[in-house]
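A.B. asks: As input, take query.cif (mmCIF, C-alpha atoms):
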```cif
data_target
loop_
_atom_site.label_atom_id
_atom_site.label_comp_id
_atom_site.auth_asym_id
_atom_site.auth_seq_id
_atom_site.Cartn_x
_atom_site.Cartn_y
_atom_site.Cartn_z
CA MET A 1 -8.63 -19.60 13.81
CA LEU A 2 -9.45 -16.46 15.78
CA GLY A 3 -11.45 -13.84 13.89
CA ILE A 4 -11.36 -10.37 15.44
CA ASP A 5 -13.66 -7.50 14.46
CA VAL A 6 -11.99 -4.34 15.72
CA SER A 7 -13.80 -1.22 16.84
CA LYS A 8 -12.68 1.79 18.83
CA ALA A 9 -13.73 0.43 22.22
CA SER A 10 -14.00 -3.34 21.81
CA LEU A 11 -12.81 -6.49 20.08
CA ALA A 12 -15.52 -8.95 18.99
CA CYS A 13 -13.87 -12.38 18.73
CA THR A 14 -14.85 -15.79 17.40
CA PHE A 15 -12.67 -18.88 17.66
CA LEU A 16 -13.47 -21.40 14.91
CA ASP A 17 -12.52 -25.04 14.59
CA PRO A 18 -10.65 -25.26 11.25
CA GLN A 19 -12.12 -28.67 10.40
CA SER A 20 -15.80 -28.31 11.23
CA LEU A 21 -15.95 -24.49 10.92
CA GLN A 22 -17.98 -24.52 14.13
CA SER A 23 -17.63 -21.74 16.66
CA LEU A 24 -15.83 -23.02 19.76
CA TRP A 25 -16.29 -19.80 21.67
CA GLN A 26 -17.18 -16.14 21.21
CA LEU A 27 -16.03 -13.29 23.36
CA GLU A 28 -16.05 -9.51 23.42
CA VAL A 29 -13.21 -7.77 25.23
CA ALA A 30 -12.03 -4.21 25.56
CA ASN A 31 -9.75 -2.87 22.86
CA SER A 32 -6.96 -2.44 25.38
CA ALA A 33 -3.83 -4.17 26.59
CA SER A 34 -5.81 -6.07 29.23
CA GLY A 35 -8.36 -7.19 26.64
CA VAL A 36 -5.65 -8.48 24.31
CA GLN A 37 -4.06 -10.28 27.26
CA GLN A 38 -7.32 -12.18 27.82
CA LEU A 39 -7.23 -13.35 24.20
CA LEU A 40 -3.59 -14.40 24.50
CA GLN A 41 -4.40 -16.53 27.54
CA ARG A 42 -7.44 -18.14 25.95
CA THR A 43 -6.14 -18.81 22.43
CA PRO A 44 -3.68 -21.65 21.63
CA ARG A 45 -0.27 -20.38 20.55
CA ASP A 46 -0.45 -22.14 17.18
CA SER A 47 -3.82 -20.61 16.22
CA PRO A 48 -3.55 -17.59 13.87
CA TRP A 49 -5.48 -14.38 14.41
CA VAL A 50 -7.10 -12.55 11.50
CA VAL A 51 -7.74 -8.80 11.60
CA GLU A 52 -8.91 -6.16 9.13
CA PRO A 53 -6.72 -3.03 9.05
CA THR A 54 -8.57 -0.25 10.87
CA GLY A 55 -5.78 2.27 11.38
CA GLN A 56 -5.05 3.21 14.95
CA TYR A 57 -7.80 0.96 16.36
CA SER A 58 -6.15 -2.26 15.15
CA ARG A 59 -2.56 -1.15 15.83
CA GLN A 60 -2.51 -2.16 19.50
CA VAL A 61 -4.05 -5.62 19.17
CA VAL A 62 -1.79 -6.50 16.23
CA GLY A 63 1.34 -5.19 17.93
CA LEU A 64 0.72 -7.00 21.20
CA ALA A 65 -0.16 -10.26 19.45
CA GLN A 66 2.95 -10.16 17.28
CA ALA A 67 5.11 -9.27 20.27
CA ALA A 68 3.74 -12.40 22.00
CA GLY A 69 4.76 -14.54 19.04
CA ARG A 70 1.29 -15.02 17.54
CA GLU A 71 0.72 -15.13 13.79
CA VAL A 72 -1.60 -12.30 12.71
CA LEU A 73 -3.15 -12.41 9.24
CA LEU A 74 -4.29 -9.37 7.29
CA ALA A 75 -7.78 -9.51 5.76
CA PRO A 76 -7.99 -7.11 2.77
CA PRO A 77 -10.99 -4.85 3.55
CA ARG A 78 -12.69 -4.89 0.15
CA GLU A 79 -12.42 -8.65 -0.39
CA ALA A 80 -13.35 -9.41 3.23
CA LYS A 81 -16.42 -7.17 2.99
CA ALA A 82 -17.64 -9.02 -0.11
CA PHE A 83 -17.08 -12.37 1.64
CA LEU A 84 -18.98 -11.22 4.73
CA MET A 85 -21.89 -9.97 2.63
CA ALA A 86 -22.07 -13.35 0.88
CA LEU A 87 -22.15 -15.16 4.22
CA SER A 88 -24.72 -12.94 5.90
CA PRO A 89 -26.58 -10.67 3.45
CA ARG A 90 -29.45 -9.88 5.84
CA ALA A 91 -27.58 -8.96 9.01
CA LYS A 92 -24.35 -7.29 10.03
CA THR A 93 -23.06 -7.26 13.58
CA ASP A 94 -19.61 -7.26 15.11
CA ARG A 95 -19.95 -10.91 16.14
CA LEU A 96 -21.09 -11.98 12.67
CA ASP A 97 -18.16 -10.09 11.19
CA SER A 98 -15.74 -11.90 13.51
CA VAL A 99 -17.18 -15.25 12.38
CA GLY A 100 -16.88 -14.19 8.75
CA LEU A 101 -13.28 -13.05 9.15
CA ALA A 102 -12.28 -16.39 10.68
CA ARG A 103 -14.02 -18.31 7.88
CA TYR A 104 -12.45 -16.02 5.27
CA ALA A 105 -8.97 -16.70 6.63
CA LEU A 106 -9.63 -20.47 6.51
CA ALA A 107 -10.90 -20.23 2.93
CA MET A 108 -8.26 -17.94 1.44
CA PRO A 109 -4.46 -17.73 1.77
CA LEU A 110 -3.76 -14.43 3.52
CA ARG A 111 -0.56 -12.48 4.07
CA SER A 112 0.81 -11.93 7.52
CA TYR A 113 0.00 -8.54 8.99
CA PRO A 114 3.02 -6.35 8.20
CA ARG A 115 5.43 -5.74 11.07
CA LYS A 116 6.29 -2.06 11.06
CA THR A 117 9.21 -0.59 12.93
CA VAL A 118 8.87 2.69 14.77
CA ALA A 119 10.85 4.37 11.98
CA VAL A 120 8.43 3.11 9.32
CA GLU A 121 5.42 4.21 11.39
CA GLN A 122 6.91 7.70 11.76
CA VAL A 123 7.55 8.08 8.04
CA GLU A 124 4.11 6.73 7.07
CA GLN A 125 2.38 9.11 9.47
CA LEU A 126 4.36 12.07 8.14
CA LEU A 127 3.40 11.06 4.59
CA ALA A 128 -0.27 10.77 5.60
CA ALA A 129 -0.16 14.24 7.17
CA ARG A 130 1.50 15.65 4.06
CA LYS A 131 -1.20 14.11 1.88
CA GLY A 132 -3.93 15.75 3.98
CA ILE A 133 -2.23 19.13 3.76
CA SER A 134 -1.81 18.81 -0.02
CA ARG A 135 -5.50 18.06 -0.45
CA SER A 136 -6.44 21.03 1.72
CA VAL A 137 -4.18 23.33 -0.31
CA ALA A 138 -5.74 22.14 -3.58
CA SER A 139 -9.24 22.71 -2.18
CA LEU A 140 -8.40 26.19 -0.88
CA ARG A 141 -6.87 27.17 -4.21
CA GLN A 142 -10.09 26.24 -5.98
CA GLN A 143 -12.05 28.29 -3.47
CA ALA A 144 -9.73 31.27 -3.94
CA GLN A 145 -10.47 31.22 -7.67
CA ALA A 146 -14.22 30.84 -7.15
CA LEU A 147 -14.41 33.44 -4.33
CA PRO A 148 -12.31 36.43 -5.40
CA HIS A 149 -13.62 38.63 -2.55
CA ALA A 150 -12.36 36.10 -0.04
CA SER A 151 -9.08 35.36 -1.80
CA GLU A 152 -6.90 37.28 0.67
CA PRO A 153 -7.65 35.17 3.80
CA LEU A 154 -7.64 32.04 1.67
CA GLU A 155 -4.18 32.88 0.32
CA ARG A 156 -2.92 33.38 3.88
CA ALA A 157 -4.29 29.97 4.84
CA ILE A 158 -2.64 28.41 1.79
CA ALA A 159 0.70 30.02 2.65
CA ALA A 160 0.47 28.69 6.23
CA LEU A 161 -0.31 25.17 5.04
CA LEU A 162 2.53 25.25 2.52
CA GLY A 163 4.85 26.23 5.36
CA GLU A 164 3.73 23.20 7.35
CA GLN A 165 4.18 21.01 4.28
CA ALA A 166 7.73 22.27 3.89
CA ALA A 167 8.37 21.48 7.56
CA ILE A 168 7.14 17.90 7.02
CA ASP A 169 9.40 17.58 3.98
CA ARG A 170 12.38 18.64 6.10
CA ARG A 171 11.50 16.09 8.78
CA LEU A 172 11.14 13.36 6.17
CA ALA A 173 14.50 14.24 4.67
CA GLN A 174 16.16 14.25 8.09
CA GLN A 175 14.70 10.92 9.20
CA THR A 176 15.46 9.11 5.95
CA ARG A 177 18.98 10.52 5.84
CA GLU A 178 20.03 9.69 9.38
CA SER A 179 19.01 6.02 9.59
CA PRO A 180 20.67 3.19 7.62
CA GLU A 181 17.19 1.63 7.43
CA TRP A 182 16.38 4.22 4.75
CA ALA A 183 19.43 3.70 2.52
CA SER A 184 17.14 2.83 -0.40
CA VAL A 185 15.54 6.31 -0.37
CA ALA A 186 18.64 7.95 -1.85
CA LEU A 187 18.95 5.13 -4.40
CA LEU A 188 15.33 5.50 -5.46
CA GLN A 189 15.67 9.24 -5.97
CA SER A 190 18.19 8.56 -8.73
CA VAL A 191 15.39 7.04 -10.84
CA PRO A 192 14.04 9.64 -13.32
CA GLY A 193 10.81 11.17 -12.08
CA ILE A 194 11.12 9.82 -8.51
CA GLY A 195 11.26 12.57 -5.91
CA PRO A 196 11.85 12.44 -2.15
CA VAL A 197 8.16 11.98 -1.25
CA THR A 198 7.60 9.05 -3.62
CA ALA A 199 10.96 7.53 -2.68
CA SER A 200 10.03 7.67 1.03
CA ALA A 201 6.57 6.19 0.37
CA VAL A 202 7.96 3.33 -1.73
CA ALA A 203 10.75 2.60 0.75
CA ALA A 204 8.29 2.55 3.69
CA CYS A 205 5.97 0.16 1.84
CA LEU A 206 8.75 -2.22 0.83
CA ALA A 207 10.32 -2.10 4.32
CA SER A 208 7.13 -3.28 6.04
CA ARG A 209 5.95 -5.85 3.48
CA GLU A 210 7.66 -8.76 1.78
CA PHE A 211 7.18 -8.97 -1.97
CA GLY A 212 9.08 -11.89 -3.45
CA HIS A 213 8.54 -10.73 -7.02
CA PRO A 214 8.05 -7.28 -8.59
CA ASP A 215 4.65 -8.33 -9.96
CA GLN A 216 3.45 -8.77 -6.36
CA PHE A 217 4.38 -5.16 -5.64
CA VAL A 218 2.68 -4.03 -8.86
CA ALA A 219 -0.48 -5.91 -7.85
CA TYR A 220 -0.36 -4.47 -4.32
CA ILE A 221 -0.58 -0.92 -5.63
CA GLY A 222 -3.27 -1.78 -8.19
CA LEU A 223 -1.23 -1.27 -11.36
CA ASP A 224 -1.78 -4.85 -12.53
CA VAL A 225 -4.13 -5.58 -15.44
CA ARG A 226 -7.57 -7.01 -14.70
CA VAL A 227 -8.80 -9.60 -17.20
CA ARG A 228 -12.51 -10.39 -17.74
CA GLU A 229 -13.26 -13.34 -20.01
CA SER A 230 -16.20 -15.74 -20.22
CA GLY A 231 -16.73 -18.28 -22.99
CA GLN A 232 -16.25 -16.49 -26.30
CA ARG A 233 -16.46 -13.09 -24.69
CA ARG A 234 -13.24 -11.17 -24.28
CA GLY A 235 -13.82 -8.16 -22.08
CA THR A 236 -11.73 -5.02 -22.09
CA ARG A 237 -8.65 -5.01 -19.89
CA SER A 238 -8.12 -2.35 -17.29
CA LEU A 239 -6.17 -1.68 -14.11
CA SER A 240 -7.35 -3.55 -11.05
CA ARG A 241 -7.07 -0.32 -9.01
CA ARG A 242 -6.83 -2.28 -5.78
CA GLY A 243 -4.49 -1.84 -2.87
CA ASP A 244 -2.50 1.30 -2.08
CA ALA A 245 -4.21 4.07 -4.06
CA GLU A 246 -1.87 6.80 -2.83
CA LEU A 247 1.25 4.96 -3.95
CA ARG A 248 -0.43 4.27 -7.29
CA ARG A 249 -1.16 7.99 -7.66
CA LEU A 250 2.40 8.98 -6.81
CA LEU A 251 3.92 6.58 -9.35
CA TYR A 252 1.51 7.82 -12.02
CA LEU A 253 2.67 11.38 -11.32
CA CYS A 254 6.28 10.18 -11.59
CA ALA A 255 5.44 8.69 -14.99
CA GLN A 256 4.07 12.08 -16.06
CA ALA A 257 7.24 13.77 -14.81
CA ASN A 258 9.30 11.60 -17.16
CA LEU A 259 7.49 13.10 -20.15
CA ARG A 260 9.16 16.43 -19.35
CA SER A 261 12.62 14.87 -19.46
CA ARG A 262 15.03 16.29 -22.03
CA ASP A 263 17.25 13.23 -21.88
CA PRO A 264 16.84 11.34 -25.18
CA ALA A 265 18.07 8.16 -23.47
CA ASN A 266 15.43 8.27 -20.72
CA PRO A 267 14.03 4.69 -20.85
CA PHE A 268 10.69 5.66 -19.30
CA LYS A 269 10.03 8.41 -21.82
CA GLN A 270 11.06 6.02 -24.58
CA GLN A 271 8.62 3.44 -23.27
CA TYR A 272 5.81 5.99 -23.24
CA GLU A 273 6.51 6.79 -26.88
CA ARG A 274 6.54 3.07 -27.77
CA GLU A 275 3.22 2.50 -26.03
CA ARG A 276 1.67 5.47 -27.84
CA ALA A 277 3.01 4.14 -31.13
CA LYS A 278 1.14 0.88 -30.45
CA GLY A 279 -2.08 2.88 -30.32
CA LEU A 280 -2.53 3.10 -26.56
CA PRO A 281 -4.18 6.28 -25.23
CA SER A 282 -2.06 8.61 -23.13
CA THR A 283 -3.46 7.41 -19.79
CA ALA A 284 -2.86 3.74 -20.60
CA ALA A 285 0.69 4.50 -21.77
CA LEU A 286 1.40 6.39 -18.54
CA CYS A 287 0.07 3.46 -16.51
CA ALA A 288 2.49 1.16 -18.34
CA VAL A 289 5.33 3.53 -17.45
CA ALA A 290 4.16 3.66 -13.82
CA ARG A 291 4.19 -0.14 -13.78
CA LYS A 292 7.77 -0.15 -15.04
CA LEU A 293 8.73 2.43 -12.41
CA ALA A 294 7.21 0.23 -9.70
CA ARG A 295 9.21 -2.79 -10.85
CA THR A 296 12.39 -0.75 -11.06
CA CYS A 297 11.86 0.63 -7.54
CA TRP A 298 11.23 -2.88 -6.18
CA SER A 299 14.45 -4.13 -7.73
CA ILE A 300 16.59 -1.25 -6.46
CA ALA A 301 15.19 -1.53 -2.93
CA LYS A 302 15.43 -5.34 -2.93
CA TYR A 303 19.04 -5.59 -4.05
CA GLN A 304 20.26 -2.14 -2.89
CA THR A 305 21.75 -1.44 -6.32
CA ALA A 306 22.21 1.86 -8.10
CA TYR A 307 19.88 2.86 -10.90
CA ASP A 308 21.22 1.90 -14.34
CA PRO A 309 19.09 3.05 -17.33
CA GLY A 310 20.59 0.31 -19.50
CA ARG A 311 19.01 -2.37 -17.30
CA VAL A 312 15.45 -1.06 -17.21
CA ASN A 313 14.21 -2.79 -20.35
CA ARG A 314 16.46 -5.83 -20.14
CA GLN A 315 14.87 -9.22 -19.66
CA GLY A 316 15.43 -10.77 -16.23
CA GLY A 317 18.05 -13.50 -16.12
CA SER A 318 18.54 -16.49 -13.88
CA SER A 319 20.80 -14.71 -11.42
CA GLY A 320 19.04 -13.01 -8.56
CA SER A 321 22.05 -11.11 -7.30
CA SER A 322 21.48 -7.85 -9.12
CA ALA A 323 18.76 -5.49 -10.20
CA THR A 324 19.06 -6.78 -13.75
CA ALA A 325 17.52 -10.11 -12.85
CA ALA A 326 14.53 -8.52 -11.17
CA ILE A 327 13.33 -5.97 -13.71
CA ASP A 328 10.85 -7.53 -16.10
CA SER A 329 10.12 -6.22 -19.56
CA GLU A 330 6.65 -4.81 -20.12
CA PRO A 331 4.16 -7.23 -21.67
#
```
When written as structure tokens, how does the structure in this file appear?
C.D. replies:
Amino acid sequence: MLGIDVSKASLACTFLDPQSLQSLWQLEVANSASGVQQLLQRTPRDSPWVVEPTGQYSRQVVGLAQAAGREVLLAPPREAKAFLMALSPRAKTDRLDSVGLARYALAMPLRSYPRKTVAVEQVEQLLAARKGISRSVASLRQQAQALPHASEPLERAIAALLGEQAAIDRRLAQQTRESPEWASVALLQSVPGIGPVTASAVAACLASREFGHPDQFVAYIGLDVRVRESGQRRGTRSLSRRGDAELRRLLYLCAQANLRSRDPANPFKQQYERERAKGLPSTAALCAVARKLARTCWSIAKYQTAYDPGRVNRQGGSSGSSATAAIDSEP
């Protein structure tokens, strides 16, 4: 197992024997094509690599390794950090981290690093840019309210940013409309509350990762329920809030949008009302609706079927050929 700690300029690597957990060799190479080539030549073809996601810094090493036919495993940052701290609480270096990553991959079953096409990368980067602009607009609007004497230049800056956001929205619409790879975007937008931004984000996530069951997708975005029990103690249940926080936020906003629906047959609004009738607070009820939206989106994207409100709350059957079989009822 090859553990790789990625930084901007270098790759700290440790190759562990899977049986003895002893380090066979350690090496630091440049975070470049030539550095990755050294690792490819030195590492057996059947030995997996494990890497933490570090944005643009890890993109090259992962891409070159996958292109060469190597298996690359994804170490979730939060869990890997806790594991590394448990292994070496008194010291932290790049080499120690590479040892810890290799041992973590041998101790835990990890997913393969997602293979993203150029189209998915483009859409994800546009969505990331849009998110940054949206946050800047929200911050400037707060400043404009707090600083009335400076509101005029702030309003001009807001207008300029909104123009750029509209330009990104047009690019997103064009890219997802022109390629058959994004056929699910139009299908997802037929779900109540799902707009083009959320549809693009969900489609990009599902296109680059394999979720065999809707609950895996729910867990990935942190909408699954965390249980804490010990002996006779039964702790309160809450969302795990792990994984893709932005996608979790978007689906929560989509759940809120369903509350404004005037359609009496809207299954998501009906579910919200049922959850409230059980005594759940508004936030918890909205999270349950967001969970249902996530499962519905997974099913539509998986089977490329049109949205049918009559199927949303139907129990999954034995047939896996339609969206009906994939949409679970809420617990």
A.B. asks: Within 12 Å of (5.3, 3.1, -21.9) (coordinates as in the file), grab all the protein and nucleic acid residues, counting all atoms listed in the file, and write them out as JSON, numbers by chain.
C.D. replies: {"A": [252, 255, 256, 258, 259, 266, 267, 268, 269, 270, 271, 272, 273, 274, 275, 276, 277, 278, 279, 280, 281, 282, 283, 284, 285, 286, 287, 288, 289, 290, 291, 292, 293, 312, 313, 329, 330, 331]}
A.B. asks: Please evaluate the PyMOL selection byres ((chain A and resi 206) around 12) against the displayed coordinates and give the resulting residues as a PDB file with C-alpha atoms, keeping the file's coordinate frame.
C.D. replies:
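Output contents, as saved in selection.pdb:
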```pdb
ATOM      1  CA  PRO A 114       3.020  -6.350   8.200  1.00  0.00           C
ATOM      2  CA  ARG A 115       5.430  -5.740  11.070  1.00  0.00           C
ATOM      3  CA  LYS A 116       6.290  -2.060  11.060  1.00  0.00           C
ATOM      4  CA  VAL A 120       8.430   3.110   9.320  1.00  0.00           C
ATOM      5  CA  GLU A 124       4.110   6.730   7.070  1.00  0.00           C
ATOM      6  CA  GLU A 181      17.190   1.630   7.430  1.00  0.00           C
ATOM      7  CA  TRP A 182      16.380   4.220   4.750  1.00  0.00           C
ATOM      8  CA  SER A 184      17.140   2.830  -0.400  1.00  0.00           C
ATOM      9  CA  VAL A 185      15.540   6.310  -0.370  1.00  0.00           C
ATOM     10  CA  LEU A 188      15.330   5.500  -5.460  1.00  0.00           C
ATOM     11  CA  ALA A 199      10.960   7.530  -2.680  1.00  0.00           C
ATOM     12  CA  SER A 200      10.030   7.670   1.030  1.00  0.00           C
ATOM     13  CA  ALA A 201       6.570   6.190   0.370  1.00  0.00           C
ATOM     14  CA  VAL A 202       7.960   3.330  -1.730  1.00  0.00           C
ATOM     15  CA  ALA A 203      10.750   2.600   0.750  1.00  0.00           C
ATOM     16  CA  ALA A 204       8.290   2.550   3.690  1.00  0.00           C
ATOM     17  CA  CYS A 205       5.970   0.160   1.840  1.00  0.00           C
ATOM     18  CA  ALA A 207      10.320  -2.100   4.320  1.00  0.00           C
ATOM     19  CA  SER A 208       7.130  -3.280   6.040  1.00  0.00           C
ATOM     20  CA  ARG A 209       5.950  -5.850   3.480  1.00  0.00           C
ATOM     21  CA  GLU A 210       7.660  -8.760   1.780  1.00  0.00           C
ATOM     22  CA  PHE A 211       7.180  -8.970  -1.970  1.00  0.00           C
ATOM     23  CA  GLY A 212       9.080 -11.890  -3.450  1.00  0.00           C
ATOM     24  CA  HIS A 213       8.540 -10.730  -7.020  1.00  0.00           C
ATOM     25  CA  PRO A 214       8.050  -7.280  -8.590  1.00  0.00           C
ATOM     26  CA  GLN A 216       3.450  -8.770  -6.360  1.00  0.00           C
ATOM     27  CA  PHE A 217       4.380  -5.160  -5.640  1.00  0.00           C
ATOM     28  CA  VAL A 218       2.680  -4.030  -8.860  1.00  0.00           C
ATOM     29  CA  TYR A 220      -0.360  -4.470  -4.320  1.00  0.00           C
ATOM     30  CA  ILE A 221      -0.580  -0.920  -5.630  1.00  0.00           C
ATOM     31  CA  LEU A 247       1.250   4.960  -3.950  1.00  0.00           C
ATOM     32  CA  ALA A 294       7.210   0.230  -9.700  1.00  0.00           C
ATOM     33  CA  ARG A 295       9.210  -2.790 -10.850  1.00  0.00           C
ATOM     34  CA  CYS A 297      11.860   0.630  -7.540  1.00  0.00           C
ATOM     35  CA  TRP A 298      11.230  -2.880  -6.180  1.00  0.00           C
ATOM     36  CA  SER A 299      14.450  -4.130  -7.730  1.00  0.00           C
ATOM     37  CA  ILE A 300      16.590  -1.250  -6.460  1.00  0.00           C
ATOM     38  CA  ALA A 301      15.190  -1.530  -2.930  1.00  0.00           C
ATOM     39  CA  LYS A 302      15.430  -5.340  -2.930  1.00  0.00           C
ATOM     40  CA  TYR A 303      19.040  -5.590  -4.050  1.00  0.00           C
TER      41      TYR A 303
END
```
A.B. asks: Can you pull out every residue within 7 Å of Cys254 (chain A), counting all atoms listed in the file, but drop anything in the same chain fewer than 3 positions away, and send it as a ChimeraX atom specification?
C.D. replies: /A:193-194,250-251,257-258
A.B. asks: Select all residues near (-8.6, -2.8, 26.1) (cut-off 10 Å, inclusive, file coordinates), counting all atoms listed in the file, and output them as number ranges by chain.
C.D. replies: A: 8-11, 29-38, 60-61
A.B. asks: For Arg177 (chain A), which residue out of A:Val123, A:Ser112, A:Leu223, A:Arg135 is the nearest one, using only C-alpha atoms?
C.D. replies: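 Checking each of A:Val123, A:Ser112, A:Leu223, A:Arg135 against Arg177 (chain A), counting only C-alpha atoms, the winner is A:Val123.
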A.B. asks: Report the closest atom pair, with its distance in Å rounded to one decimal, for each residue of region 157-270 of chain A that has an atom no farther than 12 Å from region 138-152 of chain A; count all atoms listed in the file, sort by chain and then rising residue number, and write it as a tab-separated table.
C.D. replies:
```
residue	atom	partner	partner_atom	distance
A:Ala157	CA	A:Leu140	CA	8.0
A:Ile158	CA	A:Leu140	CA	6.7
A:Ala159	CA	A:Leu140	CA	10.5
A:Ala160	CA	A:Leu140	CA	11.6
A:Leu161	CA	A:Leu140	CA	10.1
A:Leu162	CA	A:Ala138	CA	10.7
```
A.B. asks: Keeping only C-alpha atoms, write the selected residues to a file as a PDB file, in the coordinates of the input.
C.D. replies:
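Output file selection-v8.pdb follows:
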```pdb
ATOM      1  CA  ALA A 157      -4.290  29.970   4.840  1.00  0.00           C
ATOM      2  CA  ILE A 158      -2.640  28.410   1.790  1.00  0.00           C
ATOM      3  CA  ALA A 159       0.700  30.020   2.650  1.00  0.00           C
ATOM      4  CA  ALA A 160       0.470  28.690   6.230  1.00  0.00           C
ATOM      5  CA  LEU A 161      -0.310  25.170   5.040  1.00  0.00           C
ATOM      6  CA  LEU A 162       2.530  25.250   2.520  1.00  0.00           C
TER       7      LEU A 162
END
```
A.B. asks: How far is it from CA of Leu96 (chain A) to CA of Arg242 (chain A), in Å with one decimal?
C.D. replies: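 Computing the Euclidean distance for CA of Leu96 (chain A) and CA of Arg242 (chain A) yields 25.3 Å.
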A.B. asks: Extract region 119-133 of chain A from the preceding block and save N, CA and C atoms as an mmCIF file, in the first residue's frame.
C.D. replies:
```cif
data_model
loop_
_atom_site.group_PDB
_atom_site.id
_atom_site.type_symbol
_atom_site.label_atom_id
_atom_site.label_comp_id
_atom_site.auth_asym_id
_atom_site.auth_seq_id
_atom_site.Cartn_x
_atom_site.Cartn_y
_atom_site.Cartn_z
ATOM 1 N N ALA A 119 -15.960 17.147 -18.588
ATOM 2 C CA ALA A 119 -17.251 17.821 -18.490
ATOM 3 C C ALA A 119 -17.672 17.988 -17.032
ATOM 4 N N VAL A 120 -17.462 16.952 -16.222
ATOM 5 C CA VAL A 120 -17.810 17.043 -14.805
ATOM 6 C C VAL A 120 -16.931 18.068 -14.100
ATOM 7 N N GLU A 121 -15.631 18.064 -14.403
ATOM 8 C CA GLU A 121 -14.719 19.044 -13.805
ATOM 9 C C GLU A 121 -15.162 20.470 -14.137
ATOM 10 N N GLN A 122 -15.555 20.694 -15.393
ATOM 11 C CA GLN A 122 -15.977 22.033 -15.800
ATOM 12 C C GLN A 122 -17.204 22.481 -15.022
ATOM 13 N N VAL A 123 -18.195 21.596 -14.909
ATOM 14 C CA VAL A 123 -19.422 21.956 -14.201
ATOM 15 C C VAL A 123 -19.138 22.186 -12.717
ATOM 16 N N GLU A 124 -18.334 21.322 -12.099
ATOM 17 C CA GLU A 124 -18.028 21.488 -10.677
ATOM 18 C C GLU A 124 -17.274 22.784 -10.418
ATOM 19 N N GLN A 125 -16.373 23.164 -11.304
ATOM 20 C CA GLN A 125 -15.642 24.414 -11.106
ATOM 21 C C GLN A 125 -16.548 25.624 -11.293
ATOM 22 N N LEU A 126 -17.468 25.546 -12.249
ATOM 23 C CA LEU A 126 -18.430 26.636 -12.409
ATOM 24 C C LEU A 126 -19.324 26.766 -11.166
ATOM 25 N N LEU A 127 -19.738 25.629 -10.613
ATOM 26 C CA LEU A 127 -20.561 25.654 -9.406
ATOM 27 C C LEU A 127 -19.787 26.222 -8.219
ATOM 28 N N ALA A 128 -18.500 25.875 -8.114
ATOM 29 C CA ALA A 128 -17.676 26.410 -7.034
ATOM 30 C C ALA A 128 -17.514 27.923 -7.168
ATOM 31 N N ALA A 129 -17.311 28.394 -8.408
ATOM 32 C CA ALA A 129 -17.199 29.836 -8.631
ATOM 33 C C ALA A 129 -18.506 30.544 -8.299
ATOM 34 N N ARG A 130 -19.621 29.932 -8.665
ATOM 35 C CA ARG A 130 -20.922 30.524 -8.367
ATOM 36 C C ARG A 130 -21.153 30.616 -6.860
ATOM 37 N N LYS A 131 -20.734 29.578 -6.144
ATOM 38 C CA LYS A 131 -20.881 29.585 -4.690
ATOM 39 C C LYS A 131 -20.083 30.730 -4.071
ATOM 40 N N GLY A 132 -18.848 30.938 -4.550
ATOM 41 C CA GLY A 132 -18.032 32.034 -4.029
ATOM 42 C C GLY A 132 -18.654 33.394 -4.297
ATOM 43 N N ILE A 133 -19.213 33.565 -5.504
ATOM 44 C CA ILE A 133 -19.866 34.832 -5.825
ATOM 45 C C ILE A 133 -21.092 35.051 -4.943
#
```
